[in-house]
file run18.csv (CSV, C-alpha atoms)
chain,number,residue,atom,x,y,z
A,1,MET,CA,-12.7,4.1,-21.0
A,2,SER,CA,-13.8,2.1,-18.0
A,3,ASN,CA,-14.0,3.7,-14.6
A,4,LEU,CA,-11.3,1.7,-12.9
A,5,ARG,CA,-12.1,1.7,-9.2
A,6,LEU,CA,-9.7,-1.0,-8.0
A,7,PRO,CA,-7.3,-0.6,-5.1
A,8,GLY,CA,-4.6,-1.2,-7.6
A,9,PRO,CA,-3.7,-1.0,-10.4
A,10,THR,CA,-5.2,2.5,-10.4
A,11,PRO,CA,-5.9,4.9,-13.3
A,12,VAL,CA,-2.9,6.7,-14.8
A,13,PRO,CA,-3.1,10.4,-15.8
A,14,PRO,CA,-2.8,11.1,-19.5
A,15,ASP,CA,0.4,13.1,-19.1
A,16,VAL,CA,2.0,10.3,-17.1
A,17,VAL,CA,1.0,7.9,-19.9
A,18,GLU,CA,2.6,10.3,-22.4
A,19,ALA,CA,5.8,10.5,-20.3
A,20,MET,CA,6.1,6.7,-20.4
A,21,GLY,CA,6.2,6.9,-24.2
A,22,HIS,CA,9.7,8.4,-24.2
A,23,PRO,CA,12.3,6.3,-26.1
A,24,MET,CA,14.4,3.8,-24.3
A,25,ILE,CA,17.8,5.0,-23.0
A,26,ASP,CA,21.0,3.4,-21.7
A,27,HIS,CA,20.2,2.3,-18.1
A,28,ARG,CA,24.0,2.6,-17.4
A,29,GLY,CA,24.2,6.1,-19.0
A,30,LYS,CA,24.1,9.7,-17.8
A,31,GLN,CA,20.5,10.4,-18.7
A,32,PHE,CA,19.2,7.5,-16.7
A,33,LYS,CA,21.5,8.4,-13.8
A,34,GLU,CA,20.0,11.9,-13.6
A,35,MET,CA,16.5,10.5,-13.7
A,36,LEU,CA,17.3,7.8,-11.0
A,37,PHE,CA,18.8,10.4,-8.7
A,38,ARG,CA,15.8,12.8,-9.2
A,39,ILE,CA,13.2,10.1,-8.5
A,40,THR,CA,15.1,8.9,-5.4
A,41,GLU,CA,15.3,12.4,-4.0
A,42,SER,CA,11.6,13.0,-4.7
A,43,LEU,CA,10.7,9.7,-3.0
A,44,LYS,CA,12.7,10.7,0.1
A,45,GLN,CA,10.4,13.8,0.3
A,46,ALA,CA,7.3,11.7,0.0
A,47,PHE,CA,8.6,9.0,2.5
A,48,GLU,CA,9.7,11.8,4.8
A,49,THR,CA,13.1,10.3,5.2
A,50,LYS,CA,16.8,11.0,5.0
A,51,ASN,CA,17.5,7.2,4.9
A,52,ASP,CA,18.5,5.2,1.8
A,53,VAL,CA,15.7,4.7,-0.7
A,54,PHE,CA,15.9,2.2,-3.5
A,55,LEU,CA,13.8,1.4,-6.6
A,56,LEU,CA,13.2,-2.2,-7.3
A,57,THR,CA,11.7,-3.6,-10.5
A,58,SER,CA,8.9,-5.7,-9.0
A,59,SER,CA,5.4,-5.4,-7.5
A,60,GLY,CA,4.8,-4.7,-3.8
A,61,PRO,CA,5.5,-8.2,-2.5
A,62,GLY,CA,9.0,-8.0,-4.0
A,63,ALA,CA,9.8,-5.1,-1.7
A,64,MET,CA,8.1,-6.9,1.2
A,65,GLU,CA,10.4,-9.9,0.5
A,66,ALA,CA,13.4,-7.6,0.3
A,67,ALA,CA,12.5,-6.1,3.7
A,68,VAL,CA,12.4,-9.6,5.3
A,69,VAL,CA,15.4,-11.3,3.7
A,70,ASN,CA,17.8,-8.3,4.1
A,71,THR,CA,17.2,-7.9,7.8
A,72,LEU,CA,16.4,-11.4,9.2
A,73,SER,CA,17.9,-14.9,9.6
A,74,PRO,CA,16.1,-18.2,9.7
A,75,GLY,CA,14.8,-18.8,13.2
A,76,ASP,CA,14.6,-15.2,14.2
A,77,LYS,CA,11.4,-14.5,16.2
A,78,VAL,CA,9.0,-12.2,14.4
A,79,LEU,CA,5.7,-10.7,15.4
A,80,ALA,CA,3.4,-10.3,12.4
A,81,VAL,CA,0.5,-7.9,13.0
A,82,SER,CA,-2.3,-8.6,10.5
A,83,ILE,CA,-5.7,-7.0,10.0
A,84,GLY,CA,-6.4,-8.8,6.7
A,85,ASN,CA,-5.2,-10.5,3.6
A,86,PHE,CA,-2.1,-8.5,2.9
A,87,GLY,CA,-0.9,-8.5,6.5
A,88,ASP,CA,-1.2,-12.3,6.2
A,89,ARG,CA,1.0,-12.2,3.1
A,90,PHE,CA,3.7,-10.3,5.0
A,91,SER,CA,3.7,-13.1,7.6
A,92,LYS,CA,3.8,-15.8,4.9
A,93,ILE,CA,6.8,-14.3,3.3
A,94,ALA,CA,8.7,-14.3,6.6
A,95,LYS,CA,7.6,-17.9,7.3
A,96,ALA,CA,8.7,-19.0,3.8
A,97,TYR,CA,12.3,-17.9,4.6
A,98,GLY,CA,12.3,-19.7,8.0
A,99,ALA,CA,11.4,-17.0,10.5
A,100,ASP,CA,9.7,-18.1,13.7
A,101,VAL,CA,6.6,-16.0,13.3
A,102,THR,CA,3.9,-15.3,15.9
A,103,ASP,CA,0.7,-14.0,14.2
A,104,LEU,CA,-1.3,-11.3,15.9
A,105,LYS,CA,-4.6,-10.9,14.1
A,106,SER,CA,-7.6,-8.6,14.5
A,107,ASP,CA,-11.2,-9.3,13.7
A,108,GLU,CA,-12.6,-8.2,10.4
A,109,GLY,CA,-13.1,-4.5,10.1
A,110,LEU,CA,-10.9,-3.6,13.1
A,111,ALA,CA,-7.5,-1.9,13.2
A,112,ALA,CA,-4.6,-3.4,15.1
A,113,ASP,CA,-4.8,-2.9,18.9
A,114,PRO,CA,-1.6,-1.2,20.1
A,115,GLU,CA,-2.2,-2.7,23.6
A,116,ALA,CA,-2.3,-6.2,22.1
A,117,ILE,CA,1.0,-5.5,20.4
A,118,ARG,CA,2.5,-4.2,23.6
A,119,ALA,CA,1.3,-7.3,25.4
A,120,ALA,CA,2.8,-9.6,22.7
A,121,LEU,CA,6.2,-7.9,22.9
A,122,LYS,CA,6.1,-8.1,26.7
A,123,ALA,CA,5.3,-11.8,26.6
A,124,ASP,CA,8.3,-12.6,24.4
A,125,HIS,CA,11.4,-10.4,24.7
A,126,ALA,CA,13.2,-12.6,22.1
A,127,ILE,CA,11.1,-11.1,19.3
A,128,LYS,CA,13.5,-9.4,17.0
A,129,ALA,CA,11.2,-7.7,14.4
A,130,VAL,CA,7.6,-6.6,14.0
A,131,LEU,CA,5.8,-6.7,10.6
A,132,VAL,CA,2.8,-4.4,10.0
A,133,THR,CA,0.7,-3.4,7.0
A,134,HIS,CA,-0.1,0.2,7.4
A,135,ASN,CA,-3.2,0.3,5.1
A,136,GLU,CA,-5.1,-3.0,4.5
A,137,THR,CA,-6.9,-2.8,1.2
A,138,SER,CA,-8.8,-6.1,1.8
A,139,THR,CA,-10.8,-4.6,4.6
A,140,GLY,CA,-10.5,-0.8,4.0
A,141,ILE,CA,-8.7,-0.2,7.3
A,142,THR,CA,-5.7,2.0,8.1
A,143,ASN,CA,-3.7,1.1,11.2
A,144,ASP,CA,-2.5,3.9,13.6
A,145,LEU,CA,1.1,3.5,12.5
A,146,GLU,CA,2.4,6.3,14.6
A,147,ALA,CA,0.9,4.8,17.8
A,148,ILE,CA,2.2,1.3,16.9
A,149,ALA,CA,5.6,2.7,16.2
A,150,GLY,CA,5.6,4.4,19.6
A,151,ILE,CA,5.3,1.0,21.2
A,152,VAL,CA,7.5,-1.1,18.8
A,153,LYS,CA,10.3,1.5,18.7
A,154,GLY,CA,9.7,3.8,21.6
A,155,GLU,CA,9.1,1.1,24.3
A,156,PHE,CA,10.7,-2.1,23.0
A,157,ASP,CA,13.2,-0.9,20.3
A,158,LYS,CA,12.4,-3.7,17.9
A,159,LEU,CA,13.2,-3.8,14.2
A,160,PHE,CA,10.1,-2.4,12.5
A,161,LEU,CA,9.2,-3.4,8.9
A,162,VAL,CA,6.3,-1.7,7.4
A,163,ASP,CA,4.2,-2.5,4.3
A,164,ALA,CA,3.0,0.9,3.1
A,165,VAL,CA,2.2,-0.3,-0.4
A,166,SER,CA,-1.3,1.1,-0.5
A,167,SER,CA,-0.8,4.1,1.8
A,168,LEU,CA,2.3,6.0,0.7
A,169,GLY,CA,1.6,8.6,-1.8
A,170,SER,CA,-2.0,9.0,-0.5
A,171,ILE,CA,-1.7,8.7,3.3
A,172,ARG,CA,1.1,10.3,5.4
A,173,VAL,CA,4.0,8.0,6.5
A,174,ALA,CA,6.6,9.9,8.5
A,175,THR,CA,9.4,7.4,8.2
A,176,ASP,CA,12.1,9.1,10.2
A,177,ALA,CA,9.9,10.9,12.7
A,178,TRP,CA,8.2,7.6,13.6
A,179,GLY,CA,11.4,5.6,13.6
A,180,LEU,CA,10.4,3.1,10.9
A,181,ASP,CA,13.2,0.9,9.9
A,182,VAL,CA,12.1,-0.5,6.5
A,183,VAL,CA,9.2,1.0,4.6
A,184,VAL,CA,7.9,-0.4,1.2
A,185,SER,CA,5.5,0.9,-1.4
A,186,ALA,CA,4.7,0.2,-5.1
A,187,SER,CA,4.0,2.3,-8.2
A,188,GLN,CA,0.5,1.0,-9.1
A,189,LYS,CA,-1.3,2.5,-6.0
A,190,GLY,CA,-1.3,6.1,-4.9
A,191,TRP,CA,1.6,7.1,-7.2
A,192,MET,CA,-0.5,7.3,-10.3
A,193,CYS,CA,1.7,4.9,-12.3
A,194,PRO,CA,1.3,1.4,-13.8
A,195,PRO,CA,2.7,-1.7,-11.9
A,196,GLY,CA,6.4,-2.5,-12.2
A,197,LEU,CA,8.2,-0.5,-9.6
A,198,ALA,CA,8.6,-1.0,-5.9
A,199,MET,CA,10.3,1.4,-3.5
A,200,ILE,CA,12.0,0.6,-0.2
A,201,ALA,CA,13.4,2.9,2.5
A,202,VAL,CA,16.1,1.5,4.8
A,203,SER,CA,17.2,2.9,8.1
A,204,PRO,CA,20.7,2.7,9.7
A,205,ARG,CA,19.2,0.3,12.2
A,206,ALA,CA,18.1,-2.0,9.3
A,207,TRP,CA,21.5,-1.8,7.8
A,208,GLU,CA,23.0,-3.0,11.1
A,209,ALA,CA,20.6,-5.9,11.0
A,210,ALA,CA,21.6,-6.6,7.4
A,211,LYS,CA,25.2,-7.3,8.5
A,212,THR,CA,24.1,-10.5,10.3
A,213,ALA,CA,21.0,-11.4,8.2
A,214,LYS,CA,21.4,-15.0,6.8
A,215,MET,CA,18.2,-15.4,4.8
A,216,PRO,CA,19.1,-16.2,1.1
A,217,LYS,CA,18.8,-13.4,-1.4
A,218,PHE,CA,20.0,-12.5,-4.8
A,219,TYR,CA,17.7,-10.3,-6.9
A,220,PHE,CA,16.5,-8.4,-3.8
A,221,ASP,CA,19.9,-8.0,-2.2
A,222,LEU,CA,19.8,-4.4,-1.0
A,223,ALA,CA,23.6,-4.2,-0.6
A,224,GLU,CA,23.7,-4.6,-4.4
A,225,ALA,CA,21.1,-1.9,-4.8
A,226,LYS,CA,23.1,0.5,-2.6
A,227,SER,CA,26.3,-0.2,-4.4
A,228,SER,CA,24.6,0.4,-7.8
A,229,LEU,CA,22.8,3.6,-6.7
A,230,ALA,CA,26.1,5.1,-5.8
A,231,LYS,CA,27.0,4.8,-9.5
A,232,GLY,CA,23.6,6.1,-10.6
A,233,GLN,CA,22.4,2.6,-11.6
A,234,THR,CA,20.2,-0.3,-10.6
A,235,PRO,CA,21.7,-3.8,-10.1
A,236,TRP,CA,19.4,-5.3,-12.8
A,237,THR,CA,17.7,-4.0,-15.9
A,238,PRO,CA,14.9,-1.6,-14.6
A,239,THR,CA,11.5,-0.8,-15.9
A,240,ILE,CA,12.6,2.4,-17.7
A,241,SER,CA,9.2,3.3,-19.1
A,242,VAL,CA,7.5,3.1,-15.6
A,243,MET,CA,10.4,5.2,-14.2
A,244,TYR,CA,9.7,7.9,-16.8
A,245,GLY,CA,6.1,7.9,-15.5
A,246,MET,CA,7.1,7.9,-11.9
A,247,ASP,CA,9.5,10.8,-12.4
A,248,HIS,CA,6.6,12.8,-13.9
A,249,ALA,CA,4.0,11.7,-11.4
A,250,LEU,CA,6.2,12.6,-8.5
A,251,GLN,CA,6.7,16.1,-9.9
A,252,LEU,CA,2.9,16.5,-10.2
A,253,MET,CA,2.5,15.6,-6.6
A,254,LEU,CA,5.3,17.7,-5.2
A,255,ASP,CA,4.5,20.7,-7.3
A,256,ARG,CA,1.4,21.2,-5.1
A,257,GLY,CA,3.9,22.6,-2.5
A,258,ASP,CA,4.0,19.6,-0.2
A,259,MET,CA,2.4,16.2,0.2
A,260,GLN,CA,-0.1,17.5,2.7
A,261,ALA,CA,-2.4,18.8,-0.2
A,262,VAL,CA,-2.4,15.2,-1.6
A,263,TYR,CA,-3.3,13.8,1.9
A,264,ASP,CA,-6.1,16.3,2.4
A,265,PHE,CA,-7.5,15.4,-1.0
A,266,HIS,CA,-7.6,11.7,-0.2
A,267,THR,CA,-9.2,12.4,3.2
A,268,LYS,CA,-12.0,14.3,1.5
A,269,ILE,CA,-12.6,11.8,-1.4
A,270,ALA,CA,-12.6,8.9,1.0
A,271,GLN,CA,-15.2,10.5,3.3
A,272,TYR,CA,-17.3,11.4,0.2
A,273,THR,CA,-17.2,7.7,-0.9
A,274,ARG,CA,-18.1,6.4,2.6
A,275,ASP,CA,-20.9,8.8,3.0
A,276,GLY,CA,-22.4,8.0,-0.3
A,277,LEU,CA,-22.3,4.2,0.3
A,278,VAL,CA,-23.9,4.6,3.8
A,279,LYS,CA,-26.7,6.8,2.3
A,280,LEU,CA,-27.5,3.9,-0.1
A,281,GLY,CA,-28.0,1.7,3.0
A,282,LEU,CA,-24.8,-0.3,2.5
A,283,LYS,CA,-22.7,-1.3,5.5
A,284,LEU,CA,-19.0,-0.6,5.6
A,285,VAL,CA,-16.5,-3.2,6.8
A,286,ALA,CA,-14.8,-0.6,8.9
A,287,GLN,CA,-16.2,-0.9,12.4
A,288,ASP,CA,-14.7,2.4,13.5
A,289,GLU,CA,-14.6,5.2,11.0
A,290,ARG,CA,-11.5,6.6,12.7
A,291,TYR,CA,-9.6,3.8,11.0
A,292,ALA,CA,-11.4,3.7,7.7
A,293,SER,CA,-8.9,3.9,4.8
A,294,ASN,CA,-8.5,7.0,2.7
A,295,THR,CA,-7.4,4.9,-0.3
A,296,VAL,CA,-10.1,2.1,-0.5
A,297,THR,CA,-13.5,1.5,1.0
A,298,ALA,CA,-14.8,-2.0,1.6
A,299,ALA,CA,-18.6,-2.6,2.0
A,300,TRP,CA,-20.6,-5.7,2.7
A,301,VAL,CA,-22.5,-7.2,-0.2
A,302,PRO,CA,-26.2,-7.0,0.7
A,303,GLU,CA,-27.9,-10.2,1.8
A,304,GLY,CA,-29.3,-12.2,-1.0
A,305,ILE,CA,-26.9,-10.8,-3.6
A,306,THR,CA,-23.7,-12.4,-4.7
A,307,ASP,CA,-20.6,-10.4,-5.1
A,308,SER,CA,-20.1,-11.7,-8.6
A,309,ALA,CA,-23.6,-10.6,-9.7
A,310,LEU,CA,-23.0,-7.1,-8.4
A,311,LEU,CA,-19.5,-6.8,-9.8
A,312,ASP,CA,-20.5,-8.2,-13.2
A,313,MET,CA,-23.4,-5.8,-13.5
A,314,LEU,CA,-21.3,-2.8,-12.6
A,315,ARG,CA,-18.8,-3.9,-15.2
A,316,ASP,CA,-21.1,-5.0,-18.0
A,317,GLU,CA,-23.9,-2.4,-17.7
A,318,TYR,CA,-22.1,0.6,-16.2
A,319,ASP,CA,-18.4,0.2,-17.2
A,320,ILE,CA,-17.3,0.4,-13.6
A,321,ILE,CA,-14.6,-2.0,-12.4
A,322,ALA,CA,-14.8,-2.5,-8.7
A,323,ALA,CA,-12.9,-5.1,-6.7
A,324,GLU,CA,-14.0,-8.4,-5.0
A,325,GLY,CA,-13.2,-9.4,-1.5
A,326,ARG,CA,-9.9,-11.1,-0.6
A,327,GLY,CA,-9.0,-13.7,1.9
A,328,VAL,CA,-11.6,-14.5,4.5
A,329,LEU,CA,-13.8,-11.8,3.0
A,330,ALA,CA,-13.9,-13.3,-0.4
A,331,GLY,CA,-17.5,-13.4,-1.7
A,332,LYS,CA,-18.7,-11.2,1.2
A,333,VAL,CA,-17.6,-7.7,0.3
A,334,PHE,CA,-16.9,-5.4,-2.6
A,335,ARG,CA,-14.3,-2.7,-2.7
A,336,ILE,CA,-14.0,0.7,-4.3
A,337,GLY,CA,-10.5,2.3,-4.8
A,338,HIS,CA,-10.1,6.0,-4.5
A,339,MET,CA,-6.4,6.6,-4.5
A,340,GLY,CA,-4.0,8.4,-6.8
A,341,TYR,CA,-5.7,9.8,-10.0
A,342,VAL,CA,-9.4,10.0,-9.0
A,343,ARG,CA,-12.0,12.7,-9.2
A,344,THR,CA,-15.3,13.3,-7.4
A,345,GLU,CA,-17.1,12.6,-10.7
A,346,ASP,CA,-15.6,9.1,-10.7
A,347,ILE,CA,-17.1,8.4,-7.3
A,348,ASP,CA,-20.4,10.0,-8.4
A,349,ASP,CA,-20.6,7.5,-11.3
A,350,VAL,CA,-20.0,4.6,-8.9
A,351,LEU,CA,-22.7,5.7,-6.5
A,352,SER,CA,-25.2,6.4,-9.4
A,353,ALA,CA,-24.5,2.9,-10.8
A,354,LEU,CA,-25.1,1.3,-7.4
A,355,ARG,CA,-28.3,3.2,-6.9
A,356,ASP,CA,-29.5,1.9,-10.3
A,357,ALA,CA,-28.1,-1.6,-10.1
A,358,LEU,CA,-28.9,-2.7,-6.6
A,359,PRO,CA,-32.7,-2.8,-7.1
A,360,LYS,CA,-32.2,-5.0,-10.2
A,361,LEU,CA,-30.5,-7.5,-7.9
A,362,GLY,CA,-33.1,-7.4,-5.2
A,363,PHE,CA,-31.9,-4.7,-2.8
A,364,THR,CA,-33.6,-1.3,-2.5
A,365,PRO,CA,-31.1,1.5,-1.7
A,366,ALA,CA,-32.0,3.6,1.3
A,367,ALA,CA,-31.8,6.8,-0.9
A,368,ALA,CA,-34.4,5.3,-3.2
A,369,SER,CA,-36.8,4.0,-0.6

call {"tool": "encode", "arguments": {"input": "run18.csv", "output": "structure tokens"}}
result
Amino acid sequence: MSNLRLPGPTPVPPDVVEAMGHPMIDHRGKQFKEMLFRITESLKQAFETKNDVFLLTSSGPGAMEAAVVNTLSPGDKVLAVSIGNFGDRFSKIAKAYGADVTDLKSDEGLAADPEAIRAALKADHAIKAVLVTHNETSTGITNDLEAIAGIVKGEFDKLFLVDAVSSLGSIRVATDAWGLDVVVSASQKGWMCPPGLAMIAVSPRAWEAAKTAKMPKFYFDLAEAKSSLAKGQTPWTPTISVMYGMDHALQLMLDRGDMQAVYDFHTKIAQYTRDGLVKLGLKLVAQDERYASNTVTAAWVPEGITDSALLDMLRDEYDIIAAEGRGVLAGKVFRIGHMGYVRTEDIDDVLSALRDALPKLGFTPAAAS
């Protein structure tokens, strides 16, 4: 089996795979209702929220779209804070539905500057909502979401929509304590499940915004999701097999006592990965290690080597599947995922393969010099 080191989809534990093999059931029946309620309550613990939480049959961008169309109207002013490819995607979704978006971007390898966000909100009091990606897998950077929330909510009381697709389940997100209005995630990242499910938490403030939101919606209408959940159902046919897996995976995570054990593990495995890459003489994209992601590490491809040559060799000769760069970093970086179901041995295999492969491509690792 390949060592899948992508920032999604991520490896799935054997017992989660086994759980997904359960027979299909009536998605309007009692057994499904019990599972849906159980998953929802478990997700509330992981999201650290008492707000509504809904399951959507989609990938992460579906939940991002739901966050936008259920709270905003065409012409609403929005500040989109981006530190990479997926922050840009959040902005594009809002623009596609007619929002008046101001983009606030950071240089490659930097987290969002809370002071720049404060300045942007001061400069335009008409801004209704702020969009932020918590953890940017294209650059391997995690924003200081708590600090940003202190400004967006604490100082300016704006609607705050958060893409936590690649952080939740691996990196703490205190939805209620930080005042986050809409928070989205997806099953194929830190939740140790295949793609197919998205999750979205919705605050009372977001529901107030929904009363006047005029963007078109149908499949991602959260009012339908709320009405259906009250009956123990989803509006549309759900991915029952992935829900079986999610139900089991959540119990594995919560059985550790609390989510802090999961976060501590990801902190350690991320540091282990970064240290190993640096020892090989590779340069990380993260310019400040305080903001380096605990779910994915991005490193610059050494000069004189193409990303395709490196990734192809890792795949073909070592059976390691790493990720290419995205957006403006395409062709410049490679990325190693270390979220969800990952062991130290998996990272050791990656580092060993790099130590062996890089000289073949013309770069001598520092540890071998």

call {"tool": "residues_around", "arguments": {"input": "run18.csv", "residues": "segment 289-305 of chain A", "least_positions_apart": "5", "cutoff": "6 Å", "atoms": "all atoms listed in the file", "output": "short mmCIF file (atom, residue, chain, number, x, y, z; two decimals) with C-alpha atoms, keeping the file's coordinate frame"}}
result
data_model
loop_
_atom_site.label_atom_id
_atom_site.label_comp_id
_atom_site.auth_asym_id
_atom_site.auth_seq_id
_atom_site.Cartn_x
_atom_site.Cartn_y
_atom_site.Cartn_z
CA THR A 139 -10.80 -4.60 4.60
CA GLY A 140 -10.50 -0.80 4.00
CA ILE A 141 -8.70 -0.20 7.30
CA THR A 142 -5.70 2.00 8.10
CA HIS A 266 -7.60 11.70 -0.20
CA THR A 267 -9.20 12.40 3.20
CA ALA A 270 -12.60 8.90 1.00
CA LYS A 283 -22.70 -1.30 5.50
CA LEU A 284 -19.00 -0.60 5.60
CA LYS A 332 -18.70 -11.20 1.20
CA VAL A 333 -17.60 -7.70 0.30
CA PHE A 334 -16.90 -5.40 -2.60
CA ARG A 335 -14.30 -2.70 -2.70
CA ILE A 336 -14.00 0.70 -4.30
CA GLY A 337 -10.50 2.30 -4.80
CA HIS A 338 -10.10 6.00 -4.50
CA MET A 339 -6.40 6.60 -4.50
#

call {"tool": "atom_distance", "arguments": {"input": "run18.csv", "atom1": "atom CA of Leu280 of chain A", "atom2": "atom CA of Ile321 of chain A"}}
result
18.8 Å

call {"tool": "residues_around", "arguments": {"input": "run18.csv", "residues": "Lys153 of chain A", "least_positions_apart": "5", "cutoff": "8 Å", "atoms": "all atoms listed in the file", "output": "ChimeraX atom specification"}}
result
/A:158-160,179-180

call {"tool": "closest_residue", "arguments": {"input": "run18.csv", "among": "A:Leu358, A:Gly84, A:Ser308, A:Gly8", "to": "Ser187 of chain A", "atoms": "all atoms listed in the file"}}
result
A:Gly8

call {"tool": "closest_residue", "arguments": {"input": "run18.csv", "among": "A:Ala94, A:Leu310, A:Val152, A:Ala111", "to": "Asp356 of chain A", "atoms": "all atoms listed in the file"}}
result
A:Leu310

call {"tool": "axis_aligned_box", "arguments": {"input": "run18.csv", "around": "segment 138-151 of chain A", "padding_each_side": "3 Å", "output": "lines of an AutoDock Vina configuration file"}}
result
center_x = -2.6
center_y = 0.1
center_z = 11.5
size_x = 22.4
size_y = 18.4
size_z = 25.4

call {"tool": "closest_residue", "arguments": {"input": "run18.csv", "among": "A:Phe90, A:Tyr97, A:Trp191, A:Phe363", "to": "Val130 of chain A", "atoms": "all atoms listed in the file"}}
result
A:Phe90

call {"tool": "closest_residue", "arguments": {"input": "run18.csv", "among": "A:Leu104, A:Leu252, A:Ala119, A:Ala112", "to": "Asp15 of chain A", "atoms": "only C-alpha atoms"}}
result
A:Leu252

call {"tool": "closest_residue", "arguments": {"input": "run18.csv", "among": "A:Pro216, A:Leu56, A:Gly245, A:Leu314", "to": "Leu197 of chain A", "atoms": "all atoms listed in the file"}}
result
A:Leu56

call {"tool": "atom_distance", "arguments": {"input": "run18.csv", "atom1": "atom CA of Thr10 of chain A", "atom2": "atom CA of Gly276 of chain A"}}
result
20.7 Å

call {"tool": "atom_distance", "arguments": {"input": "run18.csv", "atom1": "atom CA of Val81 of chain A", "atom2": "atom CA of Ile117 of chain A"}}
result
7.8 Å

call {"tool": "residues_around", "arguments": {"input": "run18.csv", "residues": "Ala67 of chain A", "least_positions_apart": "4", "cutoff": "9 Å", "atoms": "all atoms listed in the file", "output": "list in words"}}
result
Gly62, Ala63, Thr71, Leu72, Leu161, Val162, Val182, Val183, Val184, Ile200, Val202, Ala206, Phe220 and Leu222 of chain A

call {"tool": "residues_around", "arguments": {"input": "run18.csv", "residues": "Gln251 of chain A", "least_positions_apart": "3", "cutoff": "12 Å", "atoms": "all atoms listed in the file", "output": "number ranges by chain"}}
result
A: 15-16, 19, 35, 38-43, 45-46, 191-192, 244-248, 254-259

call {"tool": "write_last_selection", "arguments": {"input": "run18.csv", "atoms": "C-alpha atoms", "output": "compact mmCIF listing (two decimals), in the frame of the given file"}}
result
# COMPACT_ATOMS: atom_id res chain seq x y z
CA ASP A 15 0.40 13.10 -19.10
CA VAL A 16 2.00 10.30 -17.10
CA ALA A 19 5.80 10.50 -20.30
CA MET A 35 16.50 10.50 -13.70
CA ARG A 38 15.80 12.80 -9.20
CA ILE A 39 13.20 10.10 -8.50
CA THR A 40 15.10 8.90 -5.40
CA GLU A 41 15.30 12.40 -4.00
CA SER A 42 11.60 13.00 -4.70
CA LEU A 43 10.70 9.70 -3.00
CA GLN A 45 10.40 13.80 0.30
CA ALA A 46 7.30 11.70 0.00
CA TRP A 191 1.60 7.10 -7.20
CA MET A 192 -0.50 7.30 -10.30
CA TYR A 244 9.70 7.90 -16.80
CA GLY A 245 6.10 7.90 -15.50
CA MET A 246 7.10 7.90 -11.90
CA ASP A 247 9.50 10.80 -12.40
CA HIS A 248 6.60 12.80 -13.90
CA LEU A 254 5.30 17.70 -5.20
CA ASP A 255 4.50 20.70 -7.30
CA ARG A 256 1.40 21.20 -5.10
CA GLY A 257 3.90 22.60 -2.50
CA ASP A 258 4.00 19.60 -0.20
CA MET A 259 2.40 16.20 0.20

call {"tool": "residues_around", "arguments": {"input": "run18.csv", "residues": "Val342 of chain A", "least_positions_apart": "6", "cutoff": "10 Å", "atoms": "all atoms listed in the file", "output": "MDAnalysis selection string"}}
result
chainID A and resid 3:5 10:13 190 192 265:266 269

call {"tool": "closest_residue", "arguments": {"input": "run18.csv", "among": "A:Ala249, A:Ala209, A:Ile347, A:Val262", "to": "Asp275 of chain A", "atoms": "all atoms listed in the file"}}
result
A:Ile347
